[in-house]
file my_file.txt (compact mmCIF, C-alpha atoms)
# COMPACT_ATOMS: atom_id res chain seq x y z
CA MET A 14 6.09 -8.93 18.44
CA SER A 15 2.91 -10.69 17.43
CA LEU A 16 -0.54 -11.69 18.57
CA PRO A 17 -0.52 -14.04 21.57
CA PRO A 18 -1.80 -17.49 20.58
CA LYS A 19 -5.56 -17.95 20.97
CA PRO A 20 -6.84 -21.54 20.88
CA ARG A 21 -9.59 -22.40 18.39
CA ILE A 22 -12.36 -24.73 19.50
CA GLU A 23 -12.80 -27.67 17.12
CA PRO A 24 -10.81 -26.64 14.08
CA GLU A 25 -11.79 -28.86 11.13
CA ALA A 26 -8.74 -28.40 8.92
CA ASP A 27 -5.37 -26.70 8.93
CA ILE A 28 -5.24 -23.23 7.42
CA HIS A 29 -2.48 -20.83 6.38
CA SER A 30 -0.62 -19.53 9.44
CA LEU A 31 -1.49 -15.91 8.65
CA LEU A 32 -5.20 -16.75 8.84
CA GLU A 33 -4.78 -19.11 11.75
CA VAL A 34 -3.15 -16.65 14.13
CA ARG A 35 -5.56 -13.77 13.46
CA TRP A 36 -8.02 -12.85 16.19
CA SER A 37 -9.52 -9.62 17.50
CA PRO A 38 -7.73 -8.43 20.64
CA ARG A 39 -8.92 -5.61 22.88
CA ALA A 40 -5.68 -5.15 24.85
CA PHE A 41 -3.00 -2.96 23.31
CA THR A 42 0.35 -1.54 24.41
CA ASP A 43 0.99 2.21 24.39
CA GLU A 44 3.40 1.83 21.51
CA GLU A 45 2.86 3.99 18.43
CA ILE A 46 2.90 2.47 14.96
CA SER A 47 5.38 3.93 12.50
CA PRO A 48 4.27 5.14 9.05
CA GLN A 49 6.53 2.45 7.56
CA THR A 50 4.49 -0.19 9.35
CA LEU A 51 1.13 1.43 8.60
CA ARG A 52 1.50 2.07 4.87
CA PRO A 53 1.32 -1.60 3.83
CA LEU A 54 -1.98 -2.04 5.70
CA PHE A 55 -3.77 0.36 3.39
CA GLU A 56 -1.85 -0.93 0.39
CA ALA A 57 -3.21 -4.40 1.21
CA ALA A 58 -6.72 -2.94 1.37
CA ARG A 59 -6.08 -1.23 -1.98
CA TRP A 60 -5.28 -4.44 -3.87
CA SER A 61 -8.42 -6.24 -2.76
CA ALA A 62 -10.89 -7.55 -5.34
CA SER A 63 -14.07 -5.61 -6.10
CA CYS A 64 -17.07 -5.73 -8.40
CA PHE A 65 -16.14 -3.97 -11.70
CA ASN A 66 -12.94 -2.93 -9.87
CA ALA A 67 -15.02 -0.12 -8.37
CA GLN A 68 -12.96 -0.13 -5.13
CA PRO A 69 -15.88 1.15 -3.03
CA TRP A 70 -13.78 1.71 0.10
CA ASN A 71 -12.69 4.84 1.95
CA PHE A 72 -10.85 5.09 5.24
CA ILE A 73 -10.33 7.92 7.72
CA GLU A 74 -7.39 7.23 10.02
CA THR A 75 -6.88 8.91 13.38
CA ARG A 76 -3.93 8.52 15.79
CA ARG A 77 -4.18 8.30 19.58
CA GLY A 78 -3.39 11.71 21.02
CA ALA A 79 -4.99 13.63 18.16
CA GLU A 80 -8.30 15.45 18.52
CA ALA A 81 -9.76 13.39 15.67
CA PHE A 82 -9.05 10.16 17.58
CA ASP A 83 -11.13 11.39 20.51
CA ARG A 84 -13.81 12.54 18.09
CA LEU A 85 -14.05 9.03 16.63
CA LEU A 86 -13.74 7.37 20.05
CA ASP A 87 -16.74 9.41 21.14
CA CYS A 88 -18.85 7.77 18.40
CA LEU A 89 -18.29 4.29 19.90
CA THR A 90 -20.51 2.54 22.43
CA PRO A 91 -19.28 3.05 26.03
CA ASN A 92 -18.22 -0.59 26.20
CA ASN A 93 -16.07 -0.22 23.08
CA GLN A 94 -14.65 3.08 24.34
CA SER A 95 -13.44 1.35 27.52
CA TRP A 96 -10.74 -0.55 25.62
CA ALA A 97 -10.49 1.12 22.18
CA LYS A 98 -9.15 4.28 23.84
CA ASN A 99 -5.81 2.46 24.15
CA ALA A 100 -5.48 1.59 20.44
CA ALA A 101 -2.71 3.36 18.53
CA LEU A 102 -5.05 3.98 15.63
CA LEU A 103 -8.79 4.18 15.08
CA VAL A 104 -9.92 3.91 11.47
CA LEU A 105 -13.39 4.63 10.14
CA ALA A 106 -14.24 2.33 7.20
CA ILE A 107 -16.72 3.83 4.77
CA ALA A 108 -18.57 2.27 1.83
CA ARG A 109 -19.25 4.18 -1.40
CA LEU A 110 -22.79 3.09 -2.20
CA ASN A 111 -22.99 3.95 -5.92
CA PHE A 112 -20.94 3.29 -9.01
CA GLU A 113 -19.48 6.27 -10.85
CA ASN A 114 -22.50 6.19 -13.17
CA GLY A 115 -24.77 6.75 -10.16
CA LYS A 116 -26.28 3.27 -10.09
CA PRO A 117 -26.37 1.51 -6.70
CA ASN A 118 -23.51 -0.92 -6.07
CA ARG A 119 -25.06 -4.01 -4.48
CA HIS A 120 -21.56 -5.17 -3.53
CA ALA A 121 -20.34 -2.01 -1.77
CA TYR A 122 -20.45 -3.47 1.77
CA TYR A 123 -19.25 -6.87 0.61
CA ASP A 124 -16.22 -5.37 -1.14
CA LEU A 125 -15.44 -3.04 1.75
CA GLY A 126 -15.43 -6.14 3.95
CA GLN A 127 -12.97 -7.88 1.65
CA SER A 128 -10.73 -4.85 1.69
CA VAL A 129 -10.73 -4.68 5.50
CA ALA A 130 -10.01 -8.42 5.69
CA GLN A 131 -6.89 -7.82 3.58
CA LEU A 132 -5.88 -4.85 5.77
CA THR A 133 -6.37 -7.04 8.83
CA LEU A 134 -4.18 -9.85 7.53
CA GLU A 135 -1.42 -7.44 6.52
CA ALA A 136 -1.59 -6.00 10.05
CA THR A 137 -1.42 -9.52 11.49
CA ALA A 138 1.73 -10.17 9.46
CA ALA A 139 3.22 -7.03 11.02
CA GLY A 140 2.47 -8.29 14.55
CA LEU A 141 -0.42 -5.88 15.05
CA GLY A 142 -3.82 -6.61 16.52
CA VAL A 143 -6.97 -5.47 14.72
CA HIS A 144 -10.41 -5.32 16.29
CA GLN A 145 -13.35 -4.23 14.17
CA MET A 146 -16.38 -2.68 15.77
CA ALA A 147 -19.94 -2.46 14.55
CA GLY A 148 -20.86 -0.76 17.82
CA PHE A 149 -20.68 2.90 16.96
CA ASP A 150 -23.09 5.70 16.09
CA ALA A 151 -22.91 5.95 12.30
CA ALA A 152 -25.01 9.11 12.15
CA ARG A 153 -22.76 10.84 14.65
CA ALA A 154 -19.64 9.70 12.75
CA ARG A 155 -21.16 11.04 9.52
CA GLU A 156 -21.70 14.44 11.08
CA ARG A 157 -18.37 14.65 12.92
CA PHE A 158 -16.30 13.55 9.94
CA GLN A 159 -18.38 15.29 7.25
CA ILE A 160 -19.16 12.11 5.34
CA PRO A 161 -21.12 13.09 2.22
CA GLU A 162 -24.36 11.56 0.95
CA GLY A 163 -23.84 8.32 -0.95
CA TYR A 164 -21.23 7.10 1.51
CA ASP A 165 -21.92 5.01 4.62
CA PRO A 166 -19.68 4.60 7.70
CA VAL A 167 -19.75 0.82 8.24
CA SER A 168 -17.19 -0.09 10.87
CA THR A 169 -14.58 1.39 13.17
CA ILE A 170 -11.29 -0.46 13.33
CA ALA A 171 -8.95 -0.40 16.35
CA ILE A 172 -5.31 -1.19 15.57
CA GLY A 173 -2.35 -1.52 17.91
CA PHE A 174 0.41 -3.74 19.21
CA PRO A 175 -1.10 -6.46 21.39
CA GLY A 176 -0.85 -5.78 25.12
CA GLN A 177 -1.50 -7.46 28.44
CA PRO A 178 -5.11 -8.49 29.21
CA GLU A 179 -4.61 -7.03 32.71
CA ARG A 180 -5.03 -3.59 31.14
CA LEU A 181 -8.66 -4.40 30.37
CA PRO A 182 -11.74 -4.06 32.60
CA ASP A 183 -12.40 -7.34 34.45
CA LYS A 184 -15.19 -8.73 32.30
CA LEU A 185 -13.20 -8.10 29.13
CA GLN A 186 -10.11 -9.87 30.49
CA GLU A 187 -12.03 -13.13 30.52
CA ARG A 188 -13.13 -12.70 26.90
CA GLU A 189 -9.58 -11.83 25.87
CA LEU A 190 -8.36 -15.20 27.12
CA ALA A 191 -11.32 -17.35 26.04
CA PRO A 192 -10.80 -19.68 23.08
CA ARG A 193 -12.25 -18.76 19.69
CA GLU A 194 -15.48 -20.46 18.63
CA ARG A 195 -17.27 -20.97 15.32
CA SER A 196 -20.22 -22.98 14.03
CA PRO A 197 -19.16 -26.25 12.40
CA GLN A 198 -18.66 -26.29 8.64
CA ARG A 199 -21.75 -28.45 8.17
CA ALA A 200 -23.85 -25.53 9.43
CA PHE A 201 -22.91 -23.28 6.50
CA LEU A 202 -21.32 -25.34 3.71
CA PHE A 203 -23.84 -27.04 1.45
CA ALA A 204 -23.44 -29.05 -1.76
CA GLU A 205 -25.67 -28.67 -4.77
CA GLN A 206 -28.73 -27.55 -2.79
CA TRP A 207 -29.62 -25.37 0.17
CA GLY A 208 -29.49 -27.23 3.48
CA VAL A 209 -27.64 -30.30 2.21
CA ALA A 210 -24.31 -30.49 4.04
CA SER A 211 -21.37 -30.86 1.65
CA PRO A 212 -19.31 -34.09 1.87
CA LEU A 213 -16.37 -31.74 2.46
CA THR A 214 -17.76 -31.12 5.94
CA GLU A 215 -17.10 -34.71 7.00
CA ASP A 216 -13.82 -34.43 8.85
CA PRO A 217 -11.54 -37.16 7.44
CA ARG A 218 -9.15 -37.02 10.38
CA PRO A 219 -9.27 -39.71 13.05
CA LYS A 220 -11.50 -38.79 15.97
CA SER A 221 -9.53 -38.00 19.11
CA MET B 30 1.45 -24.85 -9.21
CA SER B 31 0.45 -21.29 -8.54
CA LEU B 32 -1.01 -18.16 -10.08
CA PRO B 33 1.12 -16.74 -12.90
CA PRO B 34 2.62 -13.39 -11.90
CA LYS B 35 0.47 -10.38 -12.76
CA PRO B 36 2.17 -6.97 -12.63
CA ARG B 37 0.61 -4.25 -10.49
CA ILE B 38 0.57 -0.70 -11.84
CA GLU B 39 2.10 1.78 -9.37
CA PRO B 40 2.27 -0.19 -6.14
CA GLU B 41 2.81 2.21 -3.24
CA ALA B 42 4.22 -0.19 -0.65
CA ASP B 43 5.27 -3.81 -0.32
CA ILE B 44 2.63 -6.18 1.00
CA HIS B 45 2.63 -9.78 2.26
CA SER B 46 3.36 -12.19 -0.59
CA LEU B 47 0.05 -14.00 -0.15
CA LEU B 48 -1.84 -10.76 -0.79
CA GLU B 49 0.56 -9.61 -3.47
CA VAL B 50 0.21 -12.63 -5.74
CA ARG B 51 -3.60 -12.80 -5.58
CA TRP B 52 -5.54 -11.83 -8.67
CA SER B 53 -8.72 -13.04 -10.37
CA PRO B 54 -7.93 -15.34 -13.30
CA ARG B 55 -10.48 -16.55 -15.84
CA ALA B 56 -8.35 -19.34 -17.39
CA PHE B 57 -8.34 -22.69 -15.61
CA THR B 58 -6.93 -26.14 -16.31
CA ASP B 59 -9.23 -29.18 -16.44
CA GLU B 60 -7.71 -30.51 -13.23
CA GLU B 61 -10.06 -31.42 -10.41
CA ILE B 62 -9.42 -30.19 -6.87
CA SER B 63 -9.13 -32.86 -4.18
CA PRO B 64 -11.23 -32.67 -1.01
CA GLN B 65 -7.95 -32.38 0.94
CA THR B 66 -7.18 -29.18 -0.94
CA LEU B 67 -10.73 -27.82 -0.76
CA ARG B 68 -11.47 -28.31 2.94
CA PRO B 69 -9.06 -25.59 4.17
CA LEU B 70 -10.73 -23.00 1.88
CA PHE B 71 -13.99 -23.23 3.78
CA GLU B 72 -12.16 -23.54 7.08
CA ALA B 73 -10.46 -20.24 6.29
CA ALA B 74 -13.88 -18.71 5.57
CA ARG B 75 -15.12 -20.14 8.86
CA TRP B 76 -12.54 -18.39 11.04
CA SER B 77 -13.20 -14.96 9.61
CA ALA B 78 -14.26 -12.11 11.90
CA SER B 79 -17.91 -11.10 12.10
CA CYS B 80 -20.17 -8.71 13.97
CA PHE B 81 -21.27 -10.38 17.24
CA ASN B 82 -19.60 -13.53 15.84
CA ALA B 83 -22.86 -14.05 13.89
CA GLN B 84 -21.01 -15.73 10.98
CA PRO B 85 -23.61 -14.62 8.41
CA TRP B 86 -22.17 -16.72 5.57
CA ASN B 87 -23.45 -19.75 3.71
CA PHE B 88 -21.93 -21.45 0.71
CA ILE B 89 -23.31 -23.92 -1.84
CA GLU B 90 -20.50 -25.73 -3.67
CA THR B 91 -20.91 -27.45 -7.02
CA ARG B 92 -18.31 -29.43 -8.98
CA ARG B 93 -17.78 -29.34 -12.74
CA GLY B 94 -19.54 -32.33 -14.28
CA ALA B 95 -22.38 -32.31 -11.77
CA GLU B 96 -25.89 -31.20 -12.71
CA ALA B 97 -25.79 -28.58 -9.95
CA PHE B 98 -22.72 -26.97 -11.54
CA ASP B 99 -24.61 -26.48 -14.80
CA ARG B 100 -27.57 -25.20 -12.84
CA LEU B 101 -25.40 -22.52 -11.24
CA LEU B 102 -23.53 -21.80 -14.48
CA ASP B 103 -26.88 -21.11 -16.10
CA CYS B 104 -27.49 -18.29 -13.58
CA LEU B 105 -24.39 -16.39 -14.78
CA THR B 106 -24.26 -13.73 -17.49
CA PRO B 107 -23.32 -15.18 -20.91
CA ASN B 108 -19.92 -13.47 -20.72
CA ASN B 109 -19.16 -15.09 -17.35
CA GLN B 110 -20.44 -18.46 -18.59
CA SER B 111 -17.93 -18.34 -21.46
CA TRP B 112 -15.00 -18.88 -19.09
CA ALA B 113 -16.50 -20.00 -15.78
CA LYS B 114 -17.66 -23.24 -17.40
CA ASN B 115 -14.04 -24.43 -17.14
CA ALA B 116 -13.70 -23.85 -13.40
CA ALA B 117 -13.35 -26.95 -11.22
CA LEU B 118 -15.80 -25.52 -8.71
CA LEU B 119 -18.54 -22.92 -8.69
CA VAL B 120 -19.61 -21.70 -5.27
CA LEU B 121 -22.66 -19.60 -4.48
CA ALA B 122 -21.96 -17.23 -1.55
CA ILE B 123 -25.08 -16.32 0.43
CA ALA B 124 -25.58 -13.72 3.17
CA ARG B 125 -27.88 -14.36 6.15
CA LEU B 126 -29.59 -11.01 6.52
CA ASN B 127 -30.86 -11.21 10.12
CA PHE B 128 -29.42 -12.07 13.49
CA GLU B 129 -30.85 -15.05 15.35
CA ASN B 130 -33.14 -12.69 17.23
CA GLY B 131 -34.67 -11.60 13.90
CA LYS B 132 -33.16 -8.12 13.83
CA PRO B 133 -31.48 -7.05 10.56
CA ASN B 134 -27.71 -7.48 10.48
CA ARG B 135 -26.29 -4.34 8.88
CA HIS B 136 -22.96 -6.13 8.49
CA ALA B 137 -24.17 -9.28 6.73
CA TYR B 138 -22.71 -8.41 3.31
CA TYR B 139 -19.60 -6.88 4.83
CA ASP B 140 -18.88 -9.99 6.89
CA LEU B 141 -19.65 -12.33 3.99
CA GLY B 142 -17.09 -10.34 2.00
CA GLN B 143 -14.49 -10.79 4.73
CA SER B 144 -15.15 -14.49 4.81
CA VAL B 145 -14.76 -14.84 1.03
CA ALA B 146 -11.54 -12.80 1.17
CA GLN B 147 -10.16 -15.35 3.64
CA LEU B 148 -11.33 -18.25 1.45
CA THR B 149 -9.64 -16.58 -1.52
CA LEU B 150 -6.31 -16.15 0.24
CA GLU B 151 -6.33 -19.75 1.47
CA ALA B 152 -7.00 -20.83 -2.12
CA THR B 153 -4.14 -18.61 -3.31
CA ALA B 154 -1.81 -20.33 -0.84
CA ALA B 155 -2.87 -23.66 -2.36
CA GLY B 156 -1.99 -22.46 -5.88
CA LEU B 157 -5.61 -22.05 -6.91
CA GLY B 158 -7.18 -19.18 -8.80
CA VAL B 159 -10.38 -17.58 -7.51
CA HIS B 160 -12.60 -15.28 -9.54
CA GLN B 161 -15.65 -13.77 -7.91
CA MET B 162 -18.61 -12.75 -10.02
CA ALA B 163 -21.35 -10.23 -9.31
CA GLY B 164 -22.74 -10.94 -12.79
CA PHE B 165 -25.40 -13.54 -12.11
CA ASP B 166 -29.16 -13.66 -11.75
CA ALA B 167 -29.74 -13.74 -8.00
CA ALA B 168 -33.47 -14.38 -8.33
CA ARG B 169 -32.85 -17.36 -10.59
CA ALA B 170 -30.19 -18.69 -8.21
CA ARG B 171 -32.61 -18.33 -5.32
CA GLU B 172 -35.23 -20.38 -7.12
CA ARG B 173 -32.89 -23.05 -8.50
CA PHE B 174 -31.10 -23.61 -5.20
CA GLN B 175 -34.13 -23.14 -2.93
CA ILE B 176 -32.62 -20.27 -0.96
CA PRO B 177 -35.09 -19.35 1.81
CA GLU B 178 -36.35 -15.87 2.70
CA GLY B 179 -33.92 -13.90 4.82
CA TYR B 180 -30.91 -15.09 2.84
CA ASP B 181 -29.46 -13.34 -0.20
CA PRO B 182 -27.21 -14.87 -2.91
CA VAL B 183 -24.46 -12.25 -3.24
CA SER B 184 -21.70 -13.65 -5.44
CA THR B 185 -20.70 -16.68 -7.44
CA ILE B 186 -17.12 -17.81 -7.03
CA ALA B 187 -15.17 -19.73 -9.70
CA ILE B 188 -12.23 -21.77 -8.39
CA GLY B 189 -9.68 -23.84 -10.28
CA PHE B 190 -6.02 -24.37 -11.04
CA PRO B 191 -4.77 -21.53 -13.24
CA GLY B 192 -4.60 -22.41 -16.95
CA GLN B 193 -3.36 -20.98 -20.23
CA PRO B 194 -4.94 -17.71 -21.42
CA GLU B 195 -5.18 -19.28 -24.89
CA ARG B 196 -8.18 -21.23 -23.61
CA LEU B 197 -10.16 -18.02 -23.31
CA PRO B 198 -12.17 -16.14 -25.94
CA ASP B 199 -9.97 -13.53 -27.68
CA LYS B 200 -11.16 -10.42 -25.85
CA LEU B 201 -10.71 -12.10 -22.47
CA GLN B 202 -7.14 -13.21 -23.30
CA GLU B 203 -6.07 -9.59 -23.38
CA ARG B 204 -7.63 -8.87 -19.98
CA GLU B 205 -6.01 -11.98 -18.53
CA LEU B 206 -2.57 -10.61 -19.40
CA ALA B 207 -3.17 -6.93 -18.61
CA PRO B 208 -1.54 -5.52 -15.46
CA ARG B 209 -3.66 -4.89 -12.37
CA GLU B 210 -4.76 -1.33 -11.67
CA ARG B 211 -6.05 0.52 -8.62
CA SER B 212 -6.77 4.10 -7.62
CA PRO B 213 -3.90 5.68 -5.67
CA GLN B 214 -4.04 5.56 -1.87
CA ARG B 215 -4.63 9.32 -1.70
CA ALA B 216 -8.00 8.76 -3.42
CA PHE B 217 -9.38 6.69 -0.53
CA LEU B 218 -7.20 7.13 2.58
CA PHE B 219 -7.98 10.26 4.56
CA ALA B 220 -6.69 11.54 7.91
CA GLU B 221 -8.90 13.07 10.58
CA GLN B 222 -11.50 14.41 8.13
CA TRP B 223 -13.29 13.37 4.95
CA GLY B 224 -11.40 14.36 1.80
CA VAL B 225 -8.09 15.21 3.49
CA ALA B 226 -5.45 12.81 2.15
CA SER B 227 -3.52 11.07 4.93
CA PRO B 228 0.24 11.79 5.18
CA LEU B 229 0.59 8.02 4.87
CA THR B 230 -0.31 8.37 1.19
CA GLU B 231 2.89 10.30 0.46
CA ASP B 232 5.16 7.63 -0.93
CA PRO B 233 8.47 7.94 0.96
CA ARG B 234 10.39 5.94 -1.62
CA PRO B 235 12.64 7.70 -4.16
CA LYS B 236 10.81 8.50 -7.39
CA SER B 237 11.98 6.38 -10.31
call {"tool": "encode", "arguments": {"input": "my_file.txt", "output": "structure tokens"}}
result
Amino acid sequence: MSLPPKPRIEPEADIHSLLEVRWSPRAFTDEEISPQTLRPLFEAARWSASCFNAQPWNFIETRRGAEAFDRLLDCLTPNNQSWAKNAALLVLAIARLNFENGKPNRHAYYDLGQSVAQLTLEATAAGLGVHQMAGFDAARARERFQIPEGYDPVSTIAIGFPGQPERLPDKLQERELAPRERSPQRAFLFAEQWGVASPLTEDPRPKS
Amino acid sequence: MSLPPKPRIEPEADIHSLLEVRWSPRAFTDEEISPQTLRPLFEAARWSASCFNAQPWNFIETRRGAEAFDRLLDCLTPNNQSWAKNAALLVLAIARLNFENGKPNRHAYYDLGQSVAQLTLEATAAGLGVHQMAGFDAARARERFQIPEGYDPVSTIAIGFPGQPERLPDKLQERELAPRERSPQRAFLFAEQWGVASPLTEDPRPKS
């Protein structure tokens, strides 16, 4: 079992297969995920890098069928609810905003993002699909999950075994099958100065 | 060529080898990195997930020996300079703080972090070491690299082939050889409610 292939528009270099096959599906099967399969996801998050090794990440996991799952689902935008309700797991990812000494950690969100990227790739290796959502009501999630001051709910993560696009509402089916797109490297990779495209962005491969 | 093994204290589950072998070395060889090896790193960053596919990441790459490398090195704390000067590449990672419509992107740092995590794992697959630094003067970097308003320099990334710890100042040699440490899963992984450790955090393996 693994993610169905999703074409990438204008790739500029080959990348490791684990990174290449990752994308963010919305269609899931009804299958549950065993604890044996889930444990490594959070272990992968755990061994991520962080500023001063502060590990400013917390996760609340909820399983489909549990009251807490519906409570988290209810924090999502209606559009996200329409497909995320079929995920096996919804996880709330929370940043700890201060270091232990009380000073603000400028890298809290950045390091939480790294940690979730590692979780996502571990899930990909296990044949799971991961779809992160920014579209949720953080204030409502804070209240419903009793998140204390100094912590910020940043994303909600849907995880499940990839399913058939036919399960999705019509307009989402199209997106599920559309190829992946990104800005070209020259738009974001500079050398030595802002705005100066790096020579690395010149694709050395023959033009097709 | 690859990262020397670094023991992990109290791992709680097995994870994918690419994630398992990653750590943040400070010792590098003098070897340069070819464009063929470097291009996939930024391609990996490119295909990261982001909120609304906004891709809020920019990178400025500088190579050892170039004036721009010294310019970036000079933005680091003295402690970071003491080892980062030997990296083959120093990269400034910059978050774009607003969406194209001008509204603030709450996930800019988070998504930059995800992108750098992907870059790091691609580098790990290529046998490179990556060490991210929060310890640099962001205001100085902004001025020296002409970073415009609305963008924030978030981290500086040292990349190179892993070298002998003996190249490092004494106190850093010890850290280079020390095992990796993390808080236990039960400290950050909750189920259904804040502060309630998830059953997933109970290690099912026999105690040694």
call {"tool": "closest_residue", "arguments": {"input": "my_file.txt", "among": "B:Gln193, B:Gln143, B:Thr230, B:Ser31", "to": "Phe72 in chain A", "atoms": "only C-alpha atoms"}}
result
B:Thr230
call {"tool": "closest_atom_pairs", "arguments": {"input": "my_file.txt", "of": "chain B", "to": "chain A", "cutoff": "7 Å", "atoms": "only C-alpha atoms", "output": "CSV"}}
result
residue,atom,partner,partner_atom,distance
B:Glu41,CA,A:Glu56,CA,6.7
B:Ala42,CA,A:Pro53,CA,5.5
B:Asp43,CA,A:Pro53,CA,6.1
B:Ile44,CA,A:Pro53,CA,5.5
B:His45,CA,A:Glu135,CA,6.3
B:Leu48,CA,A:Ala57,CA,6.8
B:Pro64,CA,A:Leu213,CA,6.3
B:Arg68,CA,A:Leu213,CA,6.0
B:Pro69,CA,A:Ala26,CA,5.5
B:Glu72,CA,A:Ala26,CA,6.2
B:Ala73,CA,A:Ile28,CA,6.1
B:Arg75,CA,A:Arg195,CA,6.9
B:Trp76,CA,A:Arg195,CA,6.9
B:Cys80,CA,A:Ala147,CA,6.3
B:Trp86,CA,A:Phe201,CA,6.7
B:Asn87,CA,A:Phe201,CA,4.5
B:Phe88,CA,A:Leu202,CA,5.0
B:Ile89,CA,A:Phe203,CA,4.6
B:Glu90,CA,A:Ala204,CA,4.8
B:Thr91,CA,A:Glu205,CA,5.4
B:Ala97,CA,A:Glu205,CA,5.2
B:Tyr138,CA,A:Tyr123,CA,4.7
B:Tyr139,CA,A:Tyr123,CA,4.2
B:Asp140,CA,A:Gly126,CA,5.9
B:Leu141,CA,A:Tyr123,CA,6.4
B:Gly142,CA,A:Tyr123,CA,4.3
B:Gln143,CA,A:Gln127,CA,4.5
B:Ala146,CA,A:Gln127,CA,5.1
B:Glu151,CA,A:His29,CA,6.3
B:Ala163,CA,A:Cys64,CA,6.3
B:Phe174,CA,A:Gln206,CA,5.2
B:Gln175,CA,A:Trp207,CA,5.9
B:Ile176,CA,A:Trp207,CA,6.0
B:Arg211,CA,A:Arg59,CA,6.9
B:Phe217,CA,A:Asn71,CA,4.5
B:Leu218,CA,A:Phe72,CA,5.0
B:Phe219,CA,A:Ile73,CA,4.6
B:Ala220,CA,A:Glu74,CA,4.8
B:Glu221,CA,A:Ala81,CA,5.2
B:Gln222,CA,A:Phe158,CA,5.2
B:Trp223,CA,A:Phe158,CA,5.8
B:Leu229,CA,A:Arg52,CA,6.0
call {"tool": "axis_aligned_box", "arguments": {"input": "my_file.txt", "around": "range 77-91 of chain B", "padding_each_side": "4 Å", "output": "JSON"}}
result
{"center_x": -18.4, "center_y": -18.1, "center_z": 5.1, "size_x": 18.4, "size_y": 26.7, "size_z": 32.3}
call {"tool": "atom_distance", "arguments": {"input": "my_file.txt", "atom1": "CA of Pro175 in chain A", "atom2": "CA of Val143 in chain A"}}
result
8.9 Å
call {"tool": "atom_distance", "arguments": {"input": "my_file.txt", "atom1": "CA of Ile188 in chain B", "atom2": "CA of Ser111 in chain B"}}
result
14.7 Å
call {"tool": "closest_residue", "arguments": {"input": "my_file.txt", "among": "A:Thr50, A:Asn111, A:Asn92, A:Thr42", "to": "Lys184 in chain A", "atoms": "all atoms listed in the file"}}
result
A:Asn92
call {"tool": "atom_distance", "arguments": {"input": "my_file.txt", "atom1": "CA of Ala116 in chain B", "atom2": "CA of Arg55 in chain B"}}
result
8.3 Å
call {"tool": "closest_residue", "arguments": {"input": "my_file.txt", "among": "B:Gly179, B:Thr106, B:Leu197, B:Gly158", "to": "Arg125 in chain B", "atoms": "all atoms listed in the file"}}
result
B:Gly179
call {"tool": "closest_residue", "arguments": {"input": "my_file.txt", "among": "A:Asn118, A:Pro166, A:Gly140, A:Asn93", "to": "Ile46 in chain A", "atoms": "all atoms listed in the file"}}
result
A:Gly140
call {"tool": "closest_residue", "arguments": {"input": "my_file.txt", "among": "B:Glu195, B:Glu129, B:Asp166, B:Asp59", "to": "Lys114 in chain B", "atoms": "all atoms listed in the file"}}
result
B:Asp59
call {"tool": "residues_around", "arguments": {"input": "my_file.txt", "residues": "Leu185 in chain A", "least_positions_apart": "5", "cutoff": "9 Å", "atoms": "all atoms listed in the file", "output": "PyMOL selection string"}}
result
chain A and resi 39+96+178+190
